[in-house]
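Asks: This structure is in structure tokens; I'll ask about it shortly.
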Amino acid sequence: MEADGQYLMLHRTKKSGDENHDKWIGVGGKFEEGESPEECMRREVKEETGFDVVEWRYCGIVTFVSDIWPAEQMHIFVCTAWEGTPIDCDEGELEWIDKRHLGELASWQGDKIFLKLIDEEGPFFSLKLSYKGDVLQSAVLNGRQNLI
């Protein structure tokens with residue numbers, strides 16, 4: 001979610017056994033049976049923030065590969081308009097963070113790459129992030145360019 005040069009970020013502190021524990025991430029989650037990416041995004045935002053998303057930009061797809069965690073794909077959206085009242089999130093603390101300071105947060109290395117791509121508002125992208133443990137080994141953009 002983006003407003004006035006800030007993103008709504010989630011500091012994951014509440015779930016046990018969480019691969020994202022103590023990291024700052026965007027709001028989101030896993031698909032439920034039969035959901036489209038847009039339906040999943042809207043449901044997850046509602047569950048974690050209390051907001052109903054009414055406008056968004058579909059930015060790209062990120063494929064995560066790890067030697068520890070199962071591979072997964074993440075659809076990246078930026079929510080630009082919403083309605084409702086915020087709620088407490090059961091996964092951590094929500095906080096509006098100035099875009100200029102996102103790189104200073106404790107987060108996955110690859111997250112910093114796709115947050116930069118989002119901020120540049122370039123064309124739709126496909127980003128493959130490969131990790132060994134917590135260390136990013138490669139970041140391949142649109143099947144061609146390794147960004148690290």
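Please note that chains go A, B, ... in the order of the structure tokens, that every chain numbers its residues from 1, and that ligands are numbered from 1 in the order shown.
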Please report as a tab-separated table every residue of stretch 79-117 of chain A lying within 9 Å of stretch 24-35 of chain A, along with the nearest atom pair and their distance in Å (one decimal), using only C-alpha atoms.
Replies:
residue	atom	partner	partner_atom	distance
A:Leu94	CA	A:Val27	CA	8.8
A:Leu102	CA	A:Trp24	CA	8.9
A:Leu105	CA	A:Trp24	CA	6.5
A:Ala106	CA	A:Trp24	CA	5.9
A:Ser107	CA	A:Trp24	CA	5.2
A:Trp108	CA	A:Trp24	CA	8.2
A:Asp111	CA	A:Ile25	CA	7.8
Asks: DSSP on the backbone: what in stretch 76-117 of chain A comes out helix (DSSP H, G or I), as a ChimeraX atom specification?
Replies: /A:99-104,109-117
Asks: Those same residues - N, CA and C atoms - I'd like them written as a PDB file, in the first residue's frame.
Replies:
ATOM      1  N   LYS A  99       9.439   5.798   1.659  1.00  0.00           N
ATOM      2  CA  LYS A  99      10.092   5.003   0.612  1.00  0.00           C
ATOM      3  C   LYS A  99      11.610   5.179   0.618  1.00  0.00           C
ATOM      4  N   ARG A 100      12.073   6.347   0.987  1.00  0.00           N
ATOM      5  CA  ARG A 100      13.521   6.608   0.988  1.00  0.00           C
ATOM      6  C   ARG A 100      14.250   5.787   2.048  1.00  0.00           C
ATOM      7  N   HIS A 101      13.512   5.241   3.018  1.00  0.00           N
ATOM      8  CA  HIS A 101      14.144   4.513   4.124  1.00  0.00           C
ATOM      9  C   HIS A 101      13.901   3.004   4.081  1.00  0.00           C
ATOM     10  N   LEU A 102      13.256   2.506   3.033  1.00  0.00           N
ATOM     11  CA  LEU A 102      12.975   1.074   2.952  1.00  0.00           C
ATOM     12  C   LEU A 102      14.250   0.237   2.956  1.00  0.00           C
ATOM     13  N   GLY A 103      15.303   0.725   2.321  1.00  0.00           N
ATOM     14  CA  GLY A 103      16.570  -0.005   2.264  1.00  0.00           C
ATOM     15  C   GLY A 103      17.254  -0.155   3.599  1.00  0.00           C
ATOM     16  N   GLU A 104      16.852   0.625   4.579  1.00  0.00           N
ATOM     17  CA  GLU A 104      17.463   0.561   5.915  1.00  0.00           C
ATOM     18  C   GLU A 104      16.812  -0.493   6.810  1.00  0.00           C
ATOM     19  N   GLN A 109      17.303  -9.551   1.134  1.00  0.00           N
ATOM     20  CA  GLN A 109      18.057  -8.815   0.111  1.00  0.00           C
ATOM     21  C   GLN A 109      17.235  -8.626  -1.154  1.00  0.00           C
ATOM     22  N   GLY A 110      16.560  -9.672  -1.579  1.00  0.00           N
ATOM     23  CA  GLY A 110      15.774  -9.615  -2.802  1.00  0.00           C
ATOM     24  C   GLY A 110      14.608  -8.657  -2.721  1.00  0.00           C
ATOM     25  N   ASP A 111      14.045  -8.481  -1.520  1.00  0.00           N
ATOM     26  CA  ASP A 111      12.939  -7.534  -1.351  1.00  0.00           C
ATOM     27  C   ASP A 111      13.378  -6.129  -1.735  1.00  0.00           C
ATOM     28  N   LYS A 112      14.613  -5.788  -1.404  1.00  0.00           N
ATOM     29  CA  LYS A 112      15.126  -4.459  -1.734  1.00  0.00           C
ATOM     30  C   LYS A 112      15.155  -4.262  -3.251  1.00  0.00           C
ATOM     31  N   ILE A 113      15.405  -5.343  -3.990  1.00  0.00           N
ATOM     32  CA  ILE A 113      15.440  -5.262  -5.455  1.00  0.00           C
ATOM     33  C   ILE A 113      14.039  -5.015  -6.008  1.00  0.00           C
ATOM     34  N   PHE A 114      13.046  -5.818  -5.577  1.00  0.00           N
ATOM     35  CA  PHE A 114      11.726  -5.601  -6.174  1.00  0.00           C
ATOM     36  C   PHE A 114      11.070  -4.335  -5.654  1.00  0.00           C
ATOM     37  N   LEU A 115      11.403  -3.881  -4.451  1.00  0.00           N
ATOM     38  CA  LEU A 115      10.870  -2.592  -3.990  1.00  0.00           C
ATOM     39  C   LEU A 115      11.407  -1.453  -4.853  1.00  0.00           C
ATOM     40  N   LYS A 116      12.665  -1.563  -5.274  1.00  0.00           N
ATOM     41  CA  LYS A 116      13.238  -0.554  -6.181  1.00  0.00           C
ATOM     42  C   LYS A 116      12.534  -0.598  -7.541  1.00  0.00           C
ATOM     43  N   LEU A 117      12.273  -1.815  -8.048  1.00  0.00           N
ATOM     44  CA  LEU A 117      11.558  -1.942  -9.329  1.00  0.00           C
ATOM     45  C   LEU A 117      10.157  -1.340  -9.239  1.00  0.00           C
TER      46      LEU A 117
END
Asks: Name all residues at most 7 Å from A:Glu48 (count only C-alpha atoms; drop same-chain ones fewer than 2 positions away) and give them as number ranges by chain.
Replies: A: 27, 44-46, 50, 89
Asks: Here is a test: counting only C-alpha atoms, which residue of A:Asp90, A:Glu72, A:Asp18, A:Asp134 is nearest to A:Glu47?
Replies: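 Going through A:Asp90, A:Glu72, A:Asp18, A:Asp134 one by one, the smallest distance to A:Glu47 is for A:Asp90.
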Asks: Which polymer residues have any atom within 6 Å of an atom of stretch 122-128 of chain A, counting only C-alpha atoms, with same-chain residues fewer than 3 positions away left out, as a PyMOL selection string?
Replies: chain A and resi 59-63+139-142
Asks: Please save C-alpha atoms of the selected residues as a PDB file, in the first residue's frame.
Replies:
ATOM      1  CA  CYS A  59       3.692  -4.697 -10.936  1.00  0.00           C
ATOM      2  CA  GLY A  60       5.237  -8.124 -11.406  1.00  0.00           C
ATOM      3  CA  ILE A  61       5.864 -11.695 -10.321  1.00  0.00           C
ATOM      4  CA  VAL A  62       8.694 -12.810  -8.041  1.00  0.00           C
ATOM      5  CA  THR A  63       9.840 -16.431  -7.949  1.00  0.00           C
ATOM      6  CA  ALA A 139      18.507 -12.150  -8.830  1.00  0.00           C
ATOM      7  CA  VAL A 140      17.519 -12.640 -12.471  1.00  0.00           C
ATOM      8  CA  LEU A 141      15.290  -9.965 -13.986  1.00  0.00           C
ATOM      9  CA  ASN A 142      13.053 -10.926 -16.923  1.00  0.00           C
TER      10      ASN A 142
END
